[in-house]
file upload33.tsv (TSV, C-alpha atoms)
chain	number	residue	atom	x	y	z
A	122	MET	CA	126.88	139.67	175.79
A	123	TYR	CA	128.81	137.02	173.91
A	124	VAL	CA	128.51	134.72	170.91
A	125	ARG	CA	128.08	131.28	172.46
A	126	GLN	CA	129.75	129.34	169.68
A	127	VAL	CA	133.34	128.21	170.29
A	128	ASP	CA	135.06	126.61	167.31
A	129	ASP	CA	132.28	124.38	165.88
A	130	GLN	CA	130.39	123.92	169.14
A	131	ILE	CA	127.38	125.92	170.34
A	132	LEU	CA	127.42	126.19	174.12
A	133	THR	CA	124.55	126.43	176.60
A	134	LEU	CA	125.75	128.81	179.29
A	135	ARG	CA	124.25	129.13	182.75
A	136	VAL	CA	125.06	130.66	186.12
A	137	SER	CA	127.36	128.35	188.08
A	138	GLY	CA	126.50	129.78	191.50
A	139	LYS	CA	130.17	130.58	192.05
A	140	LEU	CA	132.14	133.81	192.30
A	141	TRP	CA	135.71	134.32	191.19
A	142	MET	CA	137.50	137.49	192.25
A	143	ARG	CA	134.12	138.92	193.30
A	144	SER	CA	132.67	138.33	189.84
A	145	LEU	CA	130.07	135.95	188.39
A	146	VAL	CA	131.21	132.60	187.00
A	147	MET	CA	129.28	130.88	184.20
A	148	SER	CA	129.48	127.22	183.21
A	149	ASP	CA	128.54	125.49	179.98
A	150	VAL	CA	126.31	122.41	179.97
A	151	GLU	CA	128.21	120.68	177.18
A	152	THR	CA	131.68	120.44	178.77
A	153	GLY	CA	131.35	121.79	182.32
A	154	THR	CA	133.93	124.46	181.57
A	155	GLN	CA	133.75	127.50	183.85
A	156	TRP	CA	133.81	130.95	182.29
A	157	SER	CA	134.42	134.47	183.60
A	158	HIS	CA	131.46	136.62	182.63
A	159	LEU	CA	133.62	139.74	182.81
A	160	LEU	CA	136.33	138.44	180.48
A	161	GLY	CA	134.36	135.91	178.45
A	162	ARG	CA	137.29	133.56	178.99
A	163	ALA	CA	137.30	129.90	180.02
A	164	MET	CA	139.08	129.73	183.39
A	165	SER	CA	138.94	125.97	184.02
A	166	GLY	CA	137.75	122.81	182.32
A	167	PRO	CA	138.17	121.23	178.88
A	168	LEU	CA	137.89	124.60	177.08
A	169	LYS	CA	140.30	126.47	179.36
A	170	GLY	CA	141.92	129.38	177.54
A	171	LYS	CA	139.16	129.73	174.93
A	172	GLU	CA	137.44	133.11	174.66
A	173	LEU	CA	133.87	133.99	173.73
A	174	GLU	CA	133.44	136.66	171.08
A	175	PRO	CA	131.89	139.80	172.64
A	176	ILE	CA	128.82	141.36	171.03
A	177	ILE	CA	128.21	145.09	171.28
A	178	THR	CA	124.91	145.54	173.10
A	179	ASP	CA	122.88	148.44	174.41
A	180	MET	CA	120.73	149.18	177.43
A	181	MET	CA	117.90	151.68	177.14
A	182	THR	CA	114.31	152.14	178.20
A	183	TRP	CA	111.66	150.12	176.40
A	184	GLY	CA	110.06	153.31	175.12
A	185	ALA	CA	113.30	154.59	173.61
A	186	TRP	CA	114.03	151.21	172.04
A	187	ARG	CA	110.53	150.93	170.51
A	188	LYS	CA	110.93	154.40	169.03
A	189	GLU	CA	114.14	153.37	167.28
A	190	PHE	CA	113.05	149.82	166.40
A	191	PRO	CA	109.22	149.66	166.31
A	192	ALA	CA	109.08	146.10	164.91
A	193	THR	CA	111.15	144.59	167.70
A	194	THR	CA	110.23	141.82	170.15
A	195	VAL	CA	111.31	141.48	173.77
A	196	LEU	CA	112.17	138.69	176.18
A	197	ASN	CA	109.87	139.15	179.18
A	198	MET	CA	111.86	138.78	182.40
A	199	PRO	CA	111.23	139.70	186.06
A	200	PRO	CA	111.77	143.45	186.48
A	201	SER	CA	114.95	144.48	188.28
A	202	SER	CA	115.73	147.87	186.74
A	203	LYS	CA	114.40	149.88	189.68
A	204	SER	CA	116.63	148.16	192.22
A	205	TYR	CA	119.62	148.40	189.86
A	206	SER	CA	119.10	152.12	189.28
A	207	ARG	CA	118.61	152.73	192.99
A	208	ASP	CA	121.84	150.93	193.87
A	209	PHE	CA	123.73	152.65	191.06
A	210	TYR	CA	122.75	156.21	191.94
A	211	ALA	CA	123.19	155.59	195.68
A	212	ASP	CA	126.95	155.34	195.13
A	213	PRO	CA	128.05	155.63	191.47
A	214	SER	CA	131.71	155.68	192.55
A	215	LYS	CA	131.43	151.90	192.92
A	216	PHE	CA	130.90	151.51	189.16
A	217	VAL	CA	132.99	151.95	186.04
A	218	PHE	CA	132.50	151.38	182.34
A	219	GLY	CA	135.46	149.21	181.43
A	220	PHE	CA	136.96	148.66	177.99
A	221	GLU	CA	140.24	147.93	176.26
A	222	ALA	CA	142.00	150.38	173.95
A	223	GLY	CA	145.53	151.17	172.95
A	224	GLY	CA	146.68	147.77	174.15
A	225	SER	CA	145.56	148.26	177.75
A	226	ALA	CA	142.48	148.31	179.97
A	227	ARG	CA	140.70	151.62	180.61
A	228	ALA	CA	137.81	152.69	182.81
A	229	LEU	CA	135.30	155.52	182.71
A	230	PRO	CA	134.36	156.43	186.32
A	231	MET	CA	130.59	156.57	186.55
A	232	GLU	CA	130.53	159.45	189.01
A	233	ASP	CA	132.24	161.51	186.29
A	234	MET	CA	129.98	160.27	183.49
A	235	ILE	CA	126.91	161.35	185.47
A	236	LYS	CA	128.31	164.87	185.69
A	237	HIS	CA	129.55	164.89	182.08
A	238	PRO	CA	127.18	162.68	180.02
A	239	LEU	CA	129.04	163.55	176.82
A	240	HIS	CA	132.80	163.09	177.06
A	241	ALA	CA	135.34	163.07	174.22
A	242	PHE	CA	138.86	161.80	174.74
A	243	LYS	CA	141.84	160.33	172.91
A	244	ILE	CA	143.93	157.23	173.51
A	245	LYS	CA	147.12	157.41	171.49
A	246	ASN	CA	145.90	158.42	168.01
A	247	ALA	CA	142.33	157.15	168.40
A	248	SER	CA	139.40	159.48	169.18
A	249	TYR	CA	136.51	158.29	171.34
A	250	LEU	CA	133.18	159.61	172.57
A	251	ALA	CA	131.42	158.30	175.68
A	252	THR	CA	127.76	159.08	176.30
A	253	PHE	CA	125.58	158.44	179.33
A	254	ASP	CA	121.80	158.04	179.43
A	255	HIS	CA	120.49	158.95	182.90
A	256	GLU	CA	117.10	157.31	182.40
A	257	ALA	CA	118.49	153.99	181.17
A	258	THR	CA	121.57	154.14	183.43
A	259	ALA	CA	123.65	153.18	180.40
A	260	THR	CA	127.01	154.20	178.97
A	261	ARG	CA	127.95	153.92	175.31
A	262	LEU	CA	131.36	154.23	173.71
A	263	PHE	CA	131.95	155.25	170.09
A	264	ASP	CA	134.76	155.87	167.63
A	265	THR	CA	134.26	159.42	166.34
A	266	ILE	CA	135.77	158.88	162.89
A	267	VAL	CA	133.14	158.96	160.13
A	268	ASP	CA	134.18	158.85	156.47
A	269	GLY	CA	137.74	159.67	157.48
A	270	GLN	CA	136.69	162.75	159.46
A	271	SER	CA	137.04	163.13	163.22
A	272	LEU	CA	133.78	164.59	164.52
A	273	GLN	CA	133.39	166.89	167.51
A	274	PHE	CA	130.15	166.84	169.50
A	275	VAL	CA	128.17	169.04	171.87
A	276	ALA	CA	125.13	167.94	173.88
A	277	THR	CA	121.78	169.45	172.89
A	278	GLY	CA	119.52	167.77	175.47
A	279	ASP	CA	116.92	164.99	175.34
A	280	ASN	CA	119.59	162.38	174.60
A	281	ARG	CA	120.64	164.25	171.47
A	282	MET	CA	123.97	165.72	170.38
A	283	LYS	CA	125.19	167.80	167.47
A	284	ASP	CA	128.46	167.54	165.61
A	285	THR	CA	130.16	170.90	165.12
A	286	ASN	CA	131.63	169.75	161.81
A	287	SER	CA	128.38	169.55	159.84
A	288	GLY	CA	125.69	170.66	162.30
A	289	SER	CA	123.95	167.27	162.09
A	290	THR	CA	121.94	166.03	165.06
A	291	TRP	CA	122.67	162.56	166.43
A	292	ASN	CA	120.99	160.13	168.80
A	293	ALA	CA	123.44	159.85	171.71
A	294	SER	CA	122.31	156.31	172.52
A	295	THR	CA	122.53	154.73	169.08
A	296	GLY	CA	125.23	156.94	167.57
A	297	ARG	CA	123.04	157.54	164.51
A	298	ALA	CA	122.67	160.88	162.74
A	299	ILE	CA	118.96	161.70	162.55
A	300	THR	CA	118.96	165.12	160.86
A	301	GLY	CA	121.36	167.23	158.85
A	302	PRO	CA	123.96	166.55	156.14
A	303	MET	CA	125.12	163.34	157.85
A	304	LYS	CA	121.65	161.87	158.35
A	305	GLY	CA	121.80	158.08	158.30
A	306	LYS	CA	125.49	157.91	159.19
A	307	ARG	CA	126.50	155.99	162.30
A	308	LEU	CA	129.35	156.19	164.76
A	309	THR	CA	131.17	152.89	165.21
A	310	PRO	CA	130.33	151.44	168.66
A	311	LYS	CA	133.10	149.97	170.80
A	312	VAL	CA	132.90	147.02	173.15
A	313	GLY	CA	132.73	147.82	176.87
A	314	ILE	CA	131.04	146.63	180.04
A	315	MET	CA	129.49	148.23	183.11
A	316	SER	CA	131.21	146.73	186.14
A	317	PHE	CA	131.79	147.18	189.81
A	318	ARG	CA	135.05	149.10	190.10
A	319	ARG	CA	136.53	146.51	192.45
A	320	ALA	CA	135.74	143.62	190.10
A	321	TRP	CA	137.20	145.48	187.10
A	322	GLN	CA	140.37	146.25	189.03
A	323	ASN	CA	140.67	142.63	190.16
A	324	PHE	CA	140.72	141.45	186.56
A	325	HIS	CA	142.61	144.48	185.19
A	326	PRO	CA	144.98	145.68	187.94
A	327	ASP	CA	146.82	147.99	185.51
A	328	SER	CA	143.64	149.65	184.25
A	329	LYS	CA	143.78	153.44	183.95
A	330	ASP	CA	140.88	155.82	184.54
A	331	ILE	CA	139.92	158.19	181.74
A	332	GLU	CA	140.44	161.78	182.87
A	333	PHE	CA	137.61	164.32	182.79

call {"tool": "encode", "arguments": {"input": "upload33.tsv", "output": "C-alpha cells"}}
result
Amino acid sequence: MYVRQVDDQILTLRVSGKLWMRSLVMSDVETGTQWSHLLGRAMSGPLKGKELEPIITDMMTWGAWRKEFPATTVLNMPPSSKSYSRDFYADPSKFVFGFEAGGSARALPMEDMIKHPLHAFKIKNASYLATFDHEATATRLFDTIVDGQSLQFVATGDNRMKDTNSGSTWNASTGRAITGPMKGKRLTPKVGIMSFRRAWQNFHPDSKDIEF
C-alpha cells in the first residue's frame, strides 16, 4: 500500500491492464503515468522517476482484526482469500516476502516461513524478527529493539510469542506486548511485500535469501 500523494498532487491510481516484468502496472488518471506496483515507482510518463511512499500494512482474518480493533470499519469487496490461500499453499516455493535492509534487497522464502513461523535474524548490526500467520497467510517483519534493548522471542502458540528478556507475551501479528512487564510496548514494523519469487527477482536480481 502506498500514499497516493506525490509532491502537492493527489493521484487516482487504477489497474492499467498491463504487465511489466511479470508484475502489475498501475496508471494514474491525472497524468497517465504508469507505475510499478512492486516498486511504487513511476516507470513512464510525466512523473517518471517519482516514487510513492510505502505504508506498512497488515493482512489478517476479520475475526483477529476485530479483536484487536473492535471499532473498525471494512471495505466490502468480492471474496478471493480462499483461492489465494489455495494457490499459496499448493506451492509456497513460488512466493517470497521481499524487503530492503542493509542497503540491499532481501527475501524470506515462504516455504521456510511456513516451517518456522517465528524467525529471528540479523543484517549487519540490525536485528529483525519475521512472523508468519498460517490462517491469514501473512508475514510480518519487525525490528526487535525496544527501549534500546534487543529482545529475543520464542513462540507460545495461538499467534502469540514471549520475549525471554522480560517474560512478556506479545501478539505475533501486531507486534504488541499484551501481558507482562512490557505490556503496551510495540515492536517497530518494517516495510515488506509478499511477491511471486520470479517477480521479486526480476526487479531485484541481486536479492539475497534470508537463511533459516

call {"tool": "closest_residue", "arguments": {"input": "upload33.tsv", "among": "A:Ala185, A:Val124, A:Ala257, A:Leu196", "to": "A:Arg162", "atoms": "only C-alpha atoms"}}
result
A:Val124

call {"tool": "residues_around", "arguments": {"input": "upload33.tsv", "residues": "A:Ala247", "least_positions_apart": "3", "cutoff": "12 Å", "atoms": "all atoms listed in the file", "output": "compact mmCIF listing (two decimals) with C-alpha atoms, in the frame of the given file"}}
result
# COMPACT_ATOMS: atom_id res chain seq x y z
CA ALA A 222 142.00 150.38 173.95
CA GLY A 223 145.53 151.17 172.95
CA GLY A 224 146.68 147.77 174.15
CA ALA A 241 135.34 163.07 174.22
CA PHE A 242 138.86 161.80 174.74
CA LYS A 243 141.84 160.33 172.91
CA ILE A 244 143.93 157.23 173.51
CA LEU A 250 133.18 159.61 172.57
CA PHE A 263 131.95 155.25 170.09
CA ASP A 264 134.76 155.87 167.63
CA THR A 265 134.26 159.42 166.34
CA ILE A 266 135.77 158.88 162.89
CA GLN A 270 136.69 162.75 159.46
CA SER A 271 137.04 163.13 163.22
CA LEU A 272 133.78 164.59 164.52
CA LYS A 311 133.10 149.97 170.80

call {"tool": "closest_atom_pairs", "arguments": {"input": "upload33.tsv", "of": "stretch 156-214 of chain A", "to": "stretch 286-305 of chain A", "cutoff": "12 Å", "atoms": "all atoms listed in the file", "output": "Markdown table"}}
result
| residue | atom | partner | partner_atom | distance |
| --- | --- | --- | --- | --- |
| A:Ile177 | CA | A:Thr295 | CA | 11.4 |
| A:Thr178 | CA | A:Thr295 | CA | 10.3 |
| A:Asp179 | CA | A:Ser294 | CA | 8.1 |
| A:Met180 | CA | A:Ser294 | CA | 8.8 |
| A:Met181 | CA | A:Ser294 | CA | 7.9 |
| A:Thr182 | CA | A:Ser294 | CA | 10.7 |
| A:Ala185 | CA | A:Ser294 | CA | 9.2 |
| A:Trp186 | CA | A:Thr295 | CA | 9.7 |
| A:Lys188 | CA | A:Asn292 | CA | 11.6 |
| A:Glu189 | CA | A:Thr295 | CA | 8.7 |
| A:Phe190 | CA | A:Thr295 | CA | 11.0 |

call {"tool": "atom_distance", "arguments": {"input": "upload33.tsv", "atom1": "atom CA of A:Gln126", "atom2": "atom CA of A:Glu174"}}
result
8.3 Å

call {"tool": "residues_around", "arguments": {"input": "upload33.tsv", "residues": "A:Gly161", "least_positions_apart": "5", "cutoff": "8 Å", "atoms": "all atoms listed in the file", "output": "PyMOL selection string"}}
result
chain A and resi 123+156+172-175

call {"tool": "atom_distance", "arguments": {"input": "upload33.tsv", "atom1": "atom CA of A:Pro238", "atom2": "atom CA of A:Arg307"}}
result
19.0 Å

call {"tool": "atom_distance", "arguments": {"input": "upload33.tsv", "atom1": "atom CA of A:Ile235", "atom2": "atom CA of A:Gly278"}}
result
14.0 Å

call {"tool": "closest_residue", "arguments": {"input": "upload33.tsv", "among": "A:Lys283, A:Arg125, A:His325, A:Arg187", "to": "A:Arg227", "atoms": "all atoms listed in the file"}}
result
A:His325

call {"tool": "closest_residue", "arguments": {"input": "upload33.tsv", "among": "A:Leu132, A:Met234, A:Met164, A:Met315", "to": "A:His255", "atoms": "all atoms listed in the file"}}
result
A:Met234

call {"tool": "residues_around", "arguments": {"input": "upload33.tsv", "residues": "A:Ser157", "least_positions_apart": "2", "cutoff": "10 Å", "atoms": "only C-alpha atoms", "output": "list in words"}}
result
Leu140, Trp141, Met142, Ser144, Leu145, Val146, Met147, Ser148, Gln155, Leu159, Leu160, Gly161, Arg162, Ala163, Met164, Ser165, Glu172, Leu173 and Phe324 of chain A

call {"tool": "closest_residue", "arguments": {"input": "upload33.tsv", "among": "A:Gln130, A:Val195, A:Ala259, A:Leu239", "to": "A:Thr277", "atoms": "all atoms listed in the file"}}
result
A:Leu239

call {"tool": "axis_aligned_box", "arguments": {"input": "upload33.tsv", "around": "stretch 146-158 of chain A", "padding_each_side": "6 Å", "output": "lines of an AutoDock Vina configuration file"}}
result
center_x = 130.4
center_y = 128.5
center_z = 182.1
size_x = 20.1
size_y = 28.2
size_z = 21.8

call {"tool": "closest_residue", "arguments": {"input": "upload33.tsv", "among": "A:Thr285, A:Ser316, A:Pro191, A:Arg143", "to": "A:Pro213", "atoms": "all atoms listed in the file"}}
result
A:Ser316

call {"tool": "closest_residue", "arguments": {"input": "upload33.tsv", "among": "A:Asn197, A:Gly219, A:Arg135, A:Thr154", "to": "A:Trp183", "atoms": "only C-alpha atoms"}}
result
A:Asn197

call {"tool": "residues_around", "arguments": {"input": "upload33.tsv", "residues": "stretch 317-319 of chain A", "least_positions_apart": "6", "cutoff": "6 Å", "atoms": "all atoms listed in the file", "output": "list in words"}}
result
Lys215, Phe216 and Val217 of chain A
